[in-house]
Amino acid sequence: MLDEVKGFQVTLKRLFAPKLTQEYPEERRAMMSRFRGLPALRADPETGEALCVACGLCARICPTSCLEMHVVPSEEGDRELGEFILKSGRCLFCGLCSQVCPVDAITMSQEYELAVFDREGLVYTKTELAAFGAQGETWWEAGVGADHQQTNARNRFDPNRHVMENLRD
Amino acid sequence: MEPTKTEFNVMESTQTDYSGTLMVEDEHELASGERVMTLNMGPQHPSTHGVMRVLLKLDGETVIECDPMIGYLHRGTEKLSETKRYAQIVPWTDRLDYTAAPQNNLGYVLAVEKLLGLNVPERAQYWRVIMVELSRLASHLVWLGTHALDIGALSMSLYTFREREMIMDIFETFCGARLTTNMMEIGGFSRPLPDTLIEQIRNFLRVFPNRITEYTDLLTANPIWLARTKGVGVITPEAATSYSLTGACLRGSGINYDIRKADPYLVYDQLDFEVPLGQFGDVFDRYLVRVEEMRQAHKIITQALNYIEHDDRPMMAYESAYVMPPHMGTMTTAEDMQRHFVWVIKGFSAPIGEVYHAIEHGKGEFGIHIVSDGGSMPYRMRIRTPDYVNLGVLPHMAQGAMLADMVALIGTIDIVLGSVDR
């Protein structure tokens, strides 16, 4: 008999406990610093110049091919980013693009309210993505302190490491 | 000699038969003098946990025969994997069992590592255990909430989703996503741990035992819960093995088989935990087994975290062509940058061979079978999901059951249709 009343005790306790529900559109929770929202393009925090070097790795690793990169020759004889298109309707938000970027030019922003009225709204261009891109750190760097320092120290250049010979094929 | 001509048997085009594989004819005369009634349950029935259609033949309210019809959520993950490089497949595995994405990630990643012969650092292995056990808890909490919801205990899902929210927050801190985590990488973890992570997990571990007591207080002695679950959907040990069930469905029938014990992977052989077993193999026993599994998962996470908390060894097997070079190296040295570009653009060439690796998923045995022809993409990848195999026992359980118990029977197998249909 006592066991059967236990359930009511739980319910009663819950009645006086603080509310956990957040009423979403009015109250917004802060996303974690590592949250993976819409991919965005970063700029140099000091000069404001776009960081992208148009190597195309992000478009290459994307599992759904949702990134499209158009490269144009630059005035210095180098290559630079012409247009950059993200078809967000295909995006898996997996973060691989920002993980492989050698210059941290693409990051995952905190944007998550991405509903639009027509399909054309799902396609983002370079300027739109640059507007989303935070000036600060890349997504996985935010909120890491001690561990990051140690990992970095360990990964310093070591001339004795012959990693290339491991490459097969 | 002329090559022999192959004769093709041209199938006559017939109308698609939607009646499934049921044997009982509609015109069949029942002993009670009634006619057989055919009833469709689903595909949008809330208790089918996704989109599954169950075709039922009824005698009054008793189920004579049932046939689960699946495939509504088929995405072709296996075929898709043949066109993706190994590192690109991890995000797709999130979408199999979407209540336990880290476990799917782990199953895939371990299979690839077995194929490559890659050794993962101990620290990464412990963190994998922690994340996978958290995900097992998340999976069981979703199951408990929705299973009780189906049977009629509406408020259970509010309690379980409260704790699941804490786990989702931990995942979000760790990898940036809550549901489709893409958490595991081939070779370990390339990103450093966030500062708040350990505190968050400790916080969760502190409150969770009391919360499990709340669930059991609400359900275990509840007369309605007992009446709806005890003696319902009994699977005998013989039936459980002959239907090749795994996970709690098998252990609920009293058969002691847990891959973490039988064929230990990661560091499970160094952790102290028990495998709970059921006695009668009914819905109630499987509920008890899963609740006890949650307690054991809590125990595993505590041990692993105690061991690894102050460790600062590397998390990635760096010295290998199979893993991505460290980010700092890519940004500063030419060797690492070249290796990085090759890794991303071409991928790595896996050794030729075949490999199967199974893990103890929250729902049972989750296995990945990869056939490699030496290229950068799998030649064939087969995914053995636990839910798909476990679902096969539903017609066996449903025979002679009441129609109202069907929701309890579907819930007790713990299926997620994303995982069944793949």
# chains A, B, ... in the order shown; residues from 1 in each chain; ligands from 1
call {"tool": "residues_around", "arguments": {"residues": "Asn105 in chain B", "least_positions_apart": "5", "cutoff": "6 Å", "atoms": "only C-alpha atoms", "output": "compact mmCIF listing (two decimals) with N, CA, C and O atoms, in the first residue's frame"}}
result
# COMPACT_ATOMS: atom_id res chain seq x y z
N VAL B 90 30.32 9.50 -41.08
CA VAL B 90 29.94 9.64 -39.67
C VAL B 90 28.65 10.46 -39.49
O VAL B 90 27.75 10.04 -38.76
N THR B 93 25.50 8.40 -39.96
CA THR B 93 25.13 7.42 -38.95
C THR B 93 24.34 8.06 -37.81
O THR B 93 23.62 7.37 -37.10
N MET B 184 31.92 11.30 -32.82
CA MET B 184 33.14 10.50 -32.87
C MET B 184 33.89 10.77 -34.16
O MET B 184 33.30 11.00 -35.20
call {"tool": "residues_around", "arguments": {"residues": "range 35-40 of chain A", "least_positions_apart": "6", "cutoff": "7 Å", "atoms": "only C-alpha atoms", "output": "list in words"}}
result
Phe93, Gly95, Ile106, Thr107, Met108, Ser109, Gln110, Glu111, Tyr112, Leu129, Ala130, Phe132 and Gly133 of chain A; Glu172, Gly176 and Ala177 of chain B
call {"tool": "residues_around", "arguments": {"residues": "Lys126 in chain A", "least_positions_apart": "3", "cutoff": "10 Å", "atoms": "only C-alpha atoms", "output": "PDB file with N, CA, C and O atoms, in the first residue's frame"}}
result
ATOM      1  N   ALA A  40      29.103  29.831 -41.276  1.00  0.00           N
ATOM      2  CA  ALA A  40      29.277  31.240 -41.604  1.00  0.00           C
ATOM      3  C   ALA A  40      30.737  31.513 -41.904  1.00  0.00           C
ATOM      4  O   ALA A  40      31.615  30.753 -41.505  1.00  0.00           O
ATOM      5  N   LEU A  41      30.974  32.606 -42.614  1.00  0.00           N
ATOM      6  CA  LEU A  41      32.340  32.955 -42.989  1.00  0.00           C
ATOM      7  C   LEU A  41      32.914  33.951 -41.996  1.00  0.00           C
ATOM      8  O   LEU A  41      32.248  34.915 -41.615  1.00  0.00           O
ATOM      9  N   MET A  69      31.693  26.592 -54.260  1.00  0.00           N
ATOM     10  CA  MET A  69      32.729  27.623 -54.196  1.00  0.00           C
ATOM     11  C   MET A  69      33.168  28.001 -55.592  1.00  0.00           C
ATOM     12  O   MET A  69      33.522  27.145 -56.396  1.00  0.00           O
ATOM     13  N   LEU A  81      38.341  34.104 -53.399  1.00  0.00           N
ATOM     14  CA  LEU A  81      36.964  33.620 -53.379  1.00  0.00           C
ATOM     15  C   LEU A  81      36.079  34.529 -54.223  1.00  0.00           C
ATOM     16  O   LEU A  81      36.007  35.726 -53.991  1.00  0.00           O
ATOM     17  N   GLY A  82      35.464  33.957 -55.236  1.00  0.00           N
ATOM     18  CA  GLY A  82      34.523  34.739 -56.029  1.00  0.00           C
ATOM     19  C   GLY A  82      33.165  34.734 -55.363  1.00  0.00           C
ATOM     20  O   GLY A  82      32.758  35.688 -54.722  1.00  0.00           O
ATOM     21  N   GLU A  83      32.455  33.615 -55.479  1.00  0.00           N
ATOM     22  CA  GLU A  83      31.151  33.506 -54.816  1.00  0.00           C
ATOM     23  C   GLU A  83      31.149  32.233 -53.984  1.00  0.00           C
ATOM     24  O   GLU A  83      31.828  31.255 -54.298  1.00  0.00           O
ATOM     25  N   PHE A  84      30.417  32.289 -52.905  1.00  0.00           N
ATOM     26  CA  PHE A  84      30.356  31.153 -51.989  1.00  0.00           C
ATOM     27  C   PHE A  84      28.891  30.933 -51.658  1.00  0.00           C
ATOM     28  O   PHE A  84      28.229  31.838 -51.167  1.00  0.00           O
ATOM     29  N   ILE A  85      28.399  29.755 -51.990  1.00  0.00           N
ATOM     30  CA  ILE A  85      26.957  29.530 -51.830  1.00  0.00           C
ATOM     31  C   ILE A  85      26.723  28.364 -50.886  1.00  0.00           C
ATOM     32  O   ILE A  85      27.365  27.313 -50.994  1.00  0.00           O
ATOM     33  N   LEU A  86      25.838  28.563 -49.944  1.00  0.00           N
ATOM     34  CA  LEU A  86      25.453  27.498 -49.026  1.00  0.00           C
ATOM     35  C   LEU A  86      23.981  27.196 -49.249  1.00  0.00           C
ATOM     36  O   LEU A  86      23.132  28.055 -49.062  1.00  0.00           O
ATOM     37  N   LEU A 129      26.566  35.112 -45.505  1.00  0.00           N
ATOM     38  CA  LEU A 129      27.302  34.245 -44.582  1.00  0.00           C
ATOM     39  C   LEU A 129      28.356  35.031 -43.810  1.00  0.00           C
ATOM     40  O   LEU A 129      28.616  34.754 -42.639  1.00  0.00           O
ATOM     41  N   ALA A 130      28.941  36.042 -44.484  1.00  0.00           N
ATOM     42  CA  ALA A 130      29.933  36.863 -43.789  1.00  0.00           C
ATOM     43  C   ALA A 130      29.264  37.682 -42.689  1.00  0.00           C
ATOM     44  O   ALA A 130      29.864  37.943 -41.638  1.00  0.00           O
ATOM     45  N   ALA A 131      28.009  38.060 -42.912  1.00  0.00           N
ATOM     46  CA  ALA A 131      27.294  38.834 -41.891  1.00  0.00           C
ATOM     47  C   ALA A 131      27.022  37.981 -40.654  1.00  0.00           C
ATOM     48  O   ALA A 131      27.027  38.470 -39.523  1.00  0.00           O
TER      49      ALA A 131
END
call {"tool": "residues_around", "arguments": {"residues": "Cys55 in chain A", "least_positions_apart": "4", "cutoff": "10 Å", "atoms": "only C-alpha atoms", "output": "ChimeraX atom specification"}}
result
/A:59-60,69,71,79-81,101-103 /B:341
call {"tool": "residues_around", "arguments": {"residues": "Tyr379 in chain B", "least_positions_apart": "2", "cutoff": "12 Å", "atoms": "only C-alpha atoms", "output": "VMD selection string"}}
result
chain B and resid 78 to 86 349 to 355 369 to 377 381 to 382
call {"tool": "write_last_selection", "arguments": {"atoms": "N, CA and C atoms", "output": "PDB file, in the first residue's frame"}}
result
ATOM      1  N   GLU B  78      22.899   2.801 -46.368  1.00  0.00           N
ATOM      2  CA  GLU B  78      23.937   1.837 -46.750  1.00  0.00           C
ATOM      3  C   GLU B  78      24.452   2.134 -48.151  1.00  0.00           C
ATOM      4  N   LYS B  79      23.544   2.390 -49.075  1.00  0.00           N
ATOM      5  CA  LYS B  79      23.940   2.669 -50.457  1.00  0.00           C
ATOM      6  C   LYS B  79      24.675   4.010 -50.519  1.00  0.00           C
ATOM      7  N   LEU B  80      24.173   4.951 -49.767  1.00  0.00           N
ATOM      8  CA  LEU B  80      24.768   6.292 -49.733  1.00  0.00           C
ATOM      9  C   LEU B  80      26.219   6.218 -49.283  1.00  0.00           C
ATOM     10  N   SER B  81      26.478   5.283 -48.349  1.00  0.00           N
ATOM     11  CA  SER B  81      27.827   5.183 -47.797  1.00  0.00           C
ATOM     12  C   SER B  81      28.840   4.751 -48.849  1.00  0.00           C
ATOM     13  N   GLU B  82      28.368   4.081 -49.893  1.00  0.00           N
ATOM     14  CA  GLU B  82      29.302   3.619 -50.913  1.00  0.00           C
ATOM     15  C   GLU B  82      29.831   4.771 -51.747  1.00  0.00           C
ATOM     16  N   THR B  83      29.213   5.927 -51.643  1.00  0.00           N
ATOM     17  CA  THR B  83      29.662   7.064 -52.445  1.00  0.00           C
ATOM     18  C   THR B  83      30.318   8.134 -51.574  1.00  0.00           C
ATOM     19  N   LYS B  84      30.565   7.809 -50.302  1.00  0.00           N
ATOM     20  CA  LYS B  84      31.172   8.802 -49.409  1.00  0.00           C
ATOM     21  C   LYS B  84      32.492   8.257 -48.877  1.00  0.00           C
ATOM     22  N   ARG B  85      33.426   9.151 -48.674  1.00  0.00           N
ATOM     23  CA  ARG B  85      34.683   8.738 -48.070  1.00  0.00           C
ATOM     24  C   ARG B  85      34.444   8.444 -46.591  1.00  0.00           C
ATOM     25  N   TYR B  86      35.360   7.657 -46.011  1.00  0.00           N
ATOM     26  CA  TYR B  86      35.106   7.122 -44.663  1.00  0.00           C
ATOM     27  C   TYR B  86      34.749   8.210 -43.648  1.00  0.00           C
ATOM     28  N   SER B 349      43.362   5.557 -48.255  1.00  0.00           N
ATOM     29  CA  SER B 349      43.050   4.270 -48.851  1.00  0.00           C
ATOM     30  C   SER B 349      43.052   3.229 -47.747  1.00  0.00           C
ATOM     31  N   ALA B 350      41.908   2.652 -47.502  1.00  0.00           N
ATOM     32  CA  ALA B 350      41.819   1.639 -46.449  1.00  0.00           C
ATOM     33  C   ALA B 350      42.387   0.324 -46.962  1.00  0.00           C
ATOM     34  N   PRO B 351      42.905  -0.517 -46.073  1.00  0.00           N
ATOM     35  CA  PRO B 351      43.385  -1.828 -46.521  1.00  0.00           C
ATOM     36  C   PRO B 351      42.248  -2.652 -47.111  1.00  0.00           C
ATOM     37  N   ILE B 352      42.600  -3.536 -48.018  1.00  0.00           N
ATOM     38  CA  ILE B 352      41.584  -4.406 -48.624  1.00  0.00           C
ATOM     39  C   ILE B 352      41.146  -5.422 -47.575  1.00  0.00           C
ATOM     40  N   GLY B 353      39.883  -5.629 -47.469  1.00  0.00           N
ATOM     41  CA  GLY B 353      39.431  -6.643 -46.518  1.00  0.00           C
ATOM     42  C   GLY B 353      38.002  -6.424 -46.088  1.00  0.00           C
ATOM     43  N   GLU B 354      37.577  -7.270 -45.186  1.00  0.00           N
ATOM     44  CA  GLU B 354      36.220  -7.238 -44.698  1.00  0.00           C
ATOM     45  C   GLU B 354      36.254  -7.168 -43.189  1.00  0.00           C
ATOM     46  N   VAL B 355      35.367  -6.422 -42.600  1.00  0.00           N
ATOM     47  CA  VAL B 355      35.394  -6.322 -41.155  1.00  0.00           C
ATOM     48  C   VAL B 355      33.965  -6.169 -40.626  1.00  0.00           C
ATOM     49  N   HIS B 369      29.215  -3.794 -40.960  1.00  0.00           N
ATOM     50  CA  HIS B 369      30.022  -4.688 -41.778  1.00  0.00           C
ATOM     51  C   HIS B 369      30.525  -3.898 -42.975  1.00  0.00           C
ATOM     52  N   ILE B 370      31.833  -3.748 -43.051  1.00  0.00           N
ATOM     53  CA  ILE B 370      32.412  -2.973 -44.145  1.00  0.00           C
ATOM     54  C   ILE B 370      33.218  -3.903 -45.036  1.00  0.00           C
ATOM     55  N   VAL B 371      32.983  -3.803 -46.317  1.00  0.00           N
ATOM     56  CA  VAL B 371      33.828  -4.490 -47.283  1.00  0.00           C
ATOM     57  C   VAL B 371      34.640  -3.414 -47.981  1.00  0.00           C
ATOM     58  N   SER B 372      35.959  -3.558 -47.920  1.00  0.00           N
ATOM     59  CA  SER B 372      36.818  -2.549 -48.517  1.00  0.00           C
ATOM     60  C   SER B 372      37.543  -3.134 -49.703  1.00  0.00           C
ATOM     61  N   ASP B 373      37.549  -2.395 -50.819  1.00  0.00           N
ATOM     62  CA  ASP B 373      38.314  -2.846 -51.980  1.00  0.00           C
ATOM     63  C   ASP B 373      39.604  -2.053 -52.112  1.00  0.00           C
ATOM     64  N   GLY B 374      40.002  -1.414 -51.028  1.00  0.00           N
ATOM     65  CA  GLY B 374      41.251  -0.679 -51.043  1.00  0.00           C
ATOM     66  C   GLY B 374      41.104   0.777 -51.421  1.00  0.00           C
ATOM     67  N   GLY B 375      39.900   1.215 -51.659  1.00  0.00           N
ATOM     68  CA  GLY B 375      39.678   2.605 -52.033  1.00  0.00           C
ATOM     69  C   GLY B 375      39.420   3.478 -50.824  1.00  0.00           C
ATOM     70  N   SER B 376      39.041   4.721 -51.098  1.00  0.00           N
ATOM     71  CA  SER B 376      38.797   5.645 -50.008  1.00  0.00           C
ATOM     72  C   SER B 376      37.343   5.616 -49.562  1.00  0.00           C
ATOM     73  N   MET B 377      36.537   4.817 -50.236  1.00  0.00           N
ATOM     74  CA  MET B 377      35.139   4.678 -49.845  1.00  0.00           C
ATOM     75  C   MET B 377      34.854   3.193 -49.624  1.00  0.00           C
ATOM     76  N   MET B 381      28.719  -1.340 -47.399  1.00  0.00           N
ATOM     77  CA  MET B 381      28.595  -1.197 -45.958  1.00  0.00           C
ATOM     78  C   MET B 381      27.215  -1.669 -45.532  1.00  0.00           C
ATOM     79  N   ARG B 382      27.216  -2.613 -44.639  1.00  0.00           N
ATOM     80  CA  ARG B 382      25.933  -3.139 -44.162  1.00  0.00           C
ATOM     81  C   ARG B 382      25.770  -2.717 -42.705  1.00  0.00           C
TER      82      ARG B 382
END
